[in-house]
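J.: I have a structure here, written as structure tokens, and I will follow up with some questions on it.
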Amino acid sequence: MSEASYAEISALELASGDAYRLLTSIVAPRPIAWVSSLSSEGHPNLAPFSYYQALCSRPPMITLGIAHQGNGHAKDTLRNILGSREFVVNHVGQEQLEKMQQTSANYAPNVSEWERAGVDPAPSLCVKAARVADSRAVLECGLSHAIPLGESR
């Protein structure tokens with residue numbers, strides 16, 4: 001039996017974008033959390049996040065990784081969740097991919113991703129943030145823990 005050859009890559013030496021591409025190509029399938037949240041001023045936000053996973057079932061919990069913007073500032077979604085302590089994870093179906101990708105753009109804080117991408121909101125049952133009306137499933141979530149990890153720039 002021959003020994004397999006492997007390329008050795010030090011993830012700690014990679015630029016953050018290269019480390020992201022490495023992790024997201026290895027950890028698969030990779031669900032996308034399409035997160036809707038509400039700012040303290042009442043502005044709705046909708047953005048996709050690729051670091052999302054089920055964490056435990058009693059109580060039901062998920063983990064959501066939100067990196068900082070390139071300039072080191074917190075993303076709108078993070079600020080909204082820390083402020084309101086609630087958010088919605090909308091299940092992304094194939095028919096929603098284009099709209100979901102449009103909501104990943106860095107719009108100005110008061111520009112609605114919902115309107116720009118043509119996404120219809122619907123009221124949530126337990127949280128103030130809206131849900132995506134045509135999502136196959138949604139998780140209305142309350143914040144349990146916020147743990148700063150990684151670098152903010």
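FYI, nothing fancy with the structure tokens labels: chains A, B, ... in order, residues from 1 per chain, ligands from 1 as they appear.
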Tell me which protein, DNA and RNA residues are within 12 Å of Glu98 in chain A, counting only C-alpha atoms, leaving out same-chain ones fewer than 5 positions away, and put them as a tab-separated table (two decimals) with all heavy atoms, in the first residue's frame.
T.:
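What ended up in out_6.tsv:
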chain	number	residue	atom	x	y	z
A	48	PRO	N	-26.51	36.97	4.63
A	48	PRO	CA	-26.12	35.55	4.74
A	48	PRO	C	-24.81	35.38	5.50
A	48	PRO	O	-23.93	36.23	5.43
A	48	PRO	CB	-25.95	35.15	3.27
A	48	PRO	CG	-25.52	36.40	2.58
A	48	PRO	CD	-26.18	37.54	3.33
A	92	VAL	N	-32.43	28.83	3.34
A	92	VAL	CA	-32.27	29.25	1.95
A	92	VAL	C	-32.52	28.08	1.02
A	92	VAL	O	-31.86	27.04	1.12
A	92	VAL	CB	-30.83	29.80	1.71
A	92	VAL	CG1	-30.65	30.21	0.25
A	92	VAL	CG2	-30.54	30.95	2.63
A	93	GLY	N	-33.46	28.24	0.11
A	93	GLY	CA	-33.72	27.23	-0.92
A	93	GLY	C	-33.07	27.64	-2.23
A	93	GLY	O	-32.66	28.80	-2.42
A	103	THR	N	-28.10	40.08	-0.96
A	103	THR	CA	-28.12	40.64	0.40
A	103	THR	C	-26.76	40.59	1.08
A	103	THR	O	-26.61	41.12	2.18
A	103	THR	CB	-29.17	39.93	1.29
A	103	THR	OG1	-28.80	38.56	1.46
A	103	THR	CG2	-30.56	40.05	0.71
A	104	SER	N	-25.76	39.98	0.43
A	104	SER	CA	-24.43	39.93	1.03
A	104	SER	C	-23.63	41.20	0.76
A	104	SER	O	-22.57	41.39	1.34
A	104	SER	CB	-23.65	38.71	0.51
A	104	SER	OG	-23.33	38.85	-0.86
A	116	ARG	N	-33.66	46.06	-1.74
A	116	ARG	CA	-32.68	45.96	-2.83
A	116	ARG	C	-32.73	44.62	-3.54
A	116	ARG	O	-32.56	44.54	-4.75
A	116	ARG	CB	-31.26	46.20	-2.30
A	116	ARG	CG	-30.99	47.62	-1.85
A	116	ARG	CD	-30.94	48.59	-3.02
A	116	ARG	NE	-29.65	48.61	-3.66
A	116	ARG	CZ	-28.82	49.62	-3.64
A	116	ARG	NH1	-29.12	50.70	-2.98
A	116	ARG	NH2	-27.70	49.55	-4.29
A	117	ALA	N	-32.96	43.54	-2.77
A	117	ALA	CA	-32.97	42.19	-3.35
A	117	ALA	C	-34.38	41.72	-3.70
A	117	ALA	O	-34.55	40.65	-4.28
A	117	ALA	CB	-32.33	41.21	-2.39
A	118	GLY	N	-35.40	42.51	-3.37
A	118	GLY	CA	-36.78	42.11	-3.67
A	118	GLY	C	-37.26	40.94	-2.83
A	118	GLY	O	-37.97	40.05	-3.31
A	119	VAL	N	-36.89	40.94	-1.54
A	119	VAL	CA	-37.28	39.86	-0.62
A	119	VAL	C	-38.49	40.33	0.18
A	119	VAL	O	-38.48	41.42	0.76
A	119	VAL	CB	-36.12	39.50	0.33
A	119	VAL	CG1	-36.54	38.42	1.31
A	119	VAL	CG2	-34.89	39.06	-0.46
J.: Mind checking DSSP for chain A and telling me the alpha helix (DSSP H) residues as number ranges by chain?
T.: A: 16-26, 76-84, 97-102, 113-117
J.: Keeping N, CA, C and O atoms, export the residues of the selection given above as a short mmCIF file (atom, residue, chain, number, x, y, z; two decimals), in the first residue's frame.
T.:
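This went into again28.cif:
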data_model
loop_
_atom_site.label_atom_id
_atom_site.label_comp_id
_atom_site.auth_asym_id
_atom_site.auth_seq_id
_atom_site.Cartn_x
_atom_site.Cartn_y
_atom_site.Cartn_z
N SER A 16 -6.72 36.04 5.84
CA SER A 16 -8.04 35.64 6.31
C SER A 16 -8.94 35.15 5.17
O SER A 16 -9.68 34.18 5.34
N GLY A 17 -8.87 35.76 4.00
CA GLY A 17 -9.68 35.32 2.86
C GLY A 17 -9.29 33.93 2.40
O GLY A 17 -10.16 33.10 2.06
N ASP A 18 -7.99 33.64 2.39
CA ASP A 18 -7.53 32.31 2.00
C ASP A 18 -7.90 31.26 3.04
O ASP A 18 -8.29 30.15 2.70
N ALA A 19 -7.82 31.61 4.33
CA ALA A 19 -8.23 30.69 5.39
C ALA A 19 -9.73 30.41 5.30
O ALA A 19 -10.17 29.27 5.47
N TYR A 20 -10.51 31.44 5.00
CA TYR A 20 -11.95 31.27 4.81
C TYR A 20 -12.23 30.28 3.68
O TYR A 20 -13.02 29.35 3.83
N ARG A 21 -11.60 30.48 2.54
CA ARG A 21 -11.82 29.58 1.39
C ARG A 21 -11.39 28.15 1.71
O ARG A 21 -12.05 27.19 1.31
N LEU A 22 -10.30 27.99 2.45
CA LEU A 22 -9.85 26.66 2.84
C LEU A 22 -10.88 25.98 3.75
O LEU A 22 -11.30 24.86 3.48
N LEU A 23 -11.31 26.67 4.79
CA LEU A 23 -12.27 26.08 5.72
C LEU A 23 -13.61 25.77 5.06
O LEU A 23 -14.18 24.70 5.27
N THR A 24 -14.11 26.69 4.25
CA THR A 24 -15.42 26.46 3.63
C THR A 24 -15.38 25.43 2.52
O THR A 24 -16.41 24.91 2.12
N SER A 25 -14.20 25.10 2.02
CA SER A 25 -14.11 24.02 1.03
C SER A 25 -13.95 22.66 1.70
O SER A 25 -14.32 21.64 1.13
N ILE A 26 -13.43 22.64 2.91
CA ILE A 26 -13.24 21.38 3.63
C ILE A 26 -14.47 21.02 4.46
O ILE A 26 -14.90 19.87 4.46
N ASP A 76 -23.59 45.03 10.72
CA ASP A 76 -24.92 45.43 11.19
C ASP A 76 -25.61 44.29 11.93
O ASP A 76 -26.22 44.50 12.98
N THR A 77 -25.54 43.07 11.38
CA THR A 77 -26.21 41.93 12.00
C THR A 77 -25.71 41.70 13.42
O THR A 77 -26.50 41.48 14.34
N LEU A 78 -24.41 41.76 13.62
CA LEU A 78 -23.85 41.57 14.96
C LEU A 78 -24.34 42.65 15.91
O LEU A 78 -24.78 42.36 17.03
N ARG A 79 -24.26 43.90 15.49
CA ARG A 79 -24.74 45.01 16.34
C ARG A 79 -26.21 44.81 16.68
O ARG A 79 -26.63 45.00 17.82
N ASN A 80 -27.01 44.41 15.69
CA ASN A 80 -28.45 44.24 15.91
C ASN A 80 -28.72 43.11 16.91
O ASN A 80 -29.57 43.26 17.79
N ILE A 81 -28.03 41.99 16.75
CA ILE A 81 -28.26 40.85 17.64
C ILE A 81 -27.81 41.18 19.07
O ILE A 81 -28.50 40.87 20.04
N LEU A 82 -26.66 41.83 19.20
CA LEU A 82 -26.20 42.21 20.54
C LEU A 82 -27.16 43.20 21.19
O LEU A 82 -27.37 43.16 22.40
N GLY A 83 -27.74 44.08 20.39
CA GLY A 83 -28.68 45.08 20.93
C GLY A 83 -30.04 44.51 21.28
O GLY A 83 -30.57 44.78 22.36
N SER A 84 -30.61 43.72 20.38
CA SER A 84 -31.97 43.21 20.60
C SER A 84 -32.01 41.84 21.27
O SER A 84 -33.04 41.44 21.81
N LEU A 97 -31.39 31.63 -4.03
CA LEU A 97 -29.94 31.86 -4.04
C LEU A 97 -29.54 33.23 -4.58
O LEU A 97 -28.69 33.91 -3.99
N GLU A 98 -30.12 33.64 -5.69
CA GLU A 98 -29.73 34.93 -6.28
C GLU A 98 -30.05 36.09 -5.33
O GLU A 98 -29.22 36.97 -5.10
N LYS A 99 -31.24 36.07 -4.75
CA LYS A 99 -31.61 37.13 -3.81
C LYS A 99 -30.73 37.09 -2.57
O LYS A 99 -30.33 38.13 -2.04
N MET A 100 -30.43 35.87 -2.09
CA MET A 100 -29.57 35.74 -0.91
C MET A 100 -28.20 36.34 -1.20
O MET A 100 -27.64 37.07 -0.38
N GLN A 101 -27.65 36.07 -2.38
CA GLN A 101 -26.34 36.62 -2.73
C GLN A 101 -26.39 38.15 -2.81
O GLN A 101 -25.43 38.82 -2.43
N GLN A 102 -27.49 38.71 -3.28
CA GLN A 102 -27.62 40.16 -3.36
C GLN A 102 -27.59 40.80 -1.97
O GLN A 102 -27.11 41.91 -1.80
N GLU A 113 -31.65 45.79 2.63
CA GLU A 113 -31.30 44.64 1.79
C GLU A 113 -32.57 43.96 1.30
O GLU A 113 -32.60 43.40 0.22
N TRP A 114 -33.59 43.99 2.12
CA TRP A 114 -34.87 43.39 1.75
C TRP A 114 -35.39 44.01 0.44
O TRP A 114 -35.74 43.29 -0.48
N GLU A 115 -35.42 45.35 0.39
CA GLU A 115 -35.92 46.05 -0.80
C GLU A 115 -34.98 45.90 -1.98
O GLU A 115 -35.42 45.66 -3.10
N ARG A 116 -33.66 46.06 -1.74
CA ARG A 116 -32.68 45.96 -2.83
C ARG A 116 -32.73 44.62 -3.54
O ARG A 116 -32.56 44.54 -4.75
N ALA A 117 -32.96 43.54 -2.77
CA ALA A 117 -32.97 42.19 -3.35
C ALA A 117 -34.38 41.72 -3.70
O ALA A 117 -34.55 40.65 -4.28
#
J.: Fewer than 4 positions away in the same chain doesn't count, so skip those; otherwise give me all residues within 8 Å of range 30-34 of chain A, counting only C-alpha atoms, as a PyMOL selection string.
T.: chain A and resi 24+46-53+64+89-92+100
J.: Tell me which of A:Ser36, A:Gly65, A:Gln94, A:Tyr107 sits closest to Leu149 in chain A, counting only C-alpha atoms.
T.: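 Comparing A:Ser36, A:Gly65, A:Gln94, A:Tyr107 against Leu149 in chain A, the winner is A:Gly65.
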J.: Find the residue from A:Tyr6, A:Pro29, A:Arg136, A:Lys75 that sits nearest to Glu95 in chain A; use only C-alpha atoms when measuring.
T.: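 Once distances to Glu95 in chain A are computed over only C-alpha atoms, the minimum belongs to A:Arg136.
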J.: Run DSSP on the backbone of this structure and report the residues of range 28-126 of chain A it assigns to strand (DSSP E), as number ranges by chain.
T.: A: 33-38, 44-49, 51-57, 60-65, 86-91, 121-122
J.: Check the smallest atom-to-atom distance from each of A:Val27, A:Asn106, A:His43, A:Leu139 to Gly70 in chain A using only C-alpha atoms, then report the winner.
T.: A:Asn106
J.: Which residue is closest to Leu125 in chain A? Choose from A:Ala28, A:Ala146, A:Ala74, A:Cys141 and count only C-alpha atoms.
T.: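 That would be A:Cys141, the residue with the smallest distance to Leu125 in chain A.
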J.: Taking into account only C-alpha atoms, which residue in the set A:Ser144, A:Ala122, A:Phe87, A:Ala108 is nearest to Ser37 in chain A?
T.: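 Closest residue, counting only C-alpha atoms: A:Phe87.
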J.: Quick one: pull the distance between CA of Gln96 in chain A and CA of Ala133 in chain A, Å, one decimal.
T.: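 That distance, rounded to one decimal, is 11.2 Å.
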J.: Which residue gives the smallest distance to Val132 in chain A among A:Asn71, A:Asn45, A:Thr63, A:Ser10, with only C-alpha atoms counted?
T.: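 With only C-alpha atoms as the atom set, the closest residue is A:Asn45.
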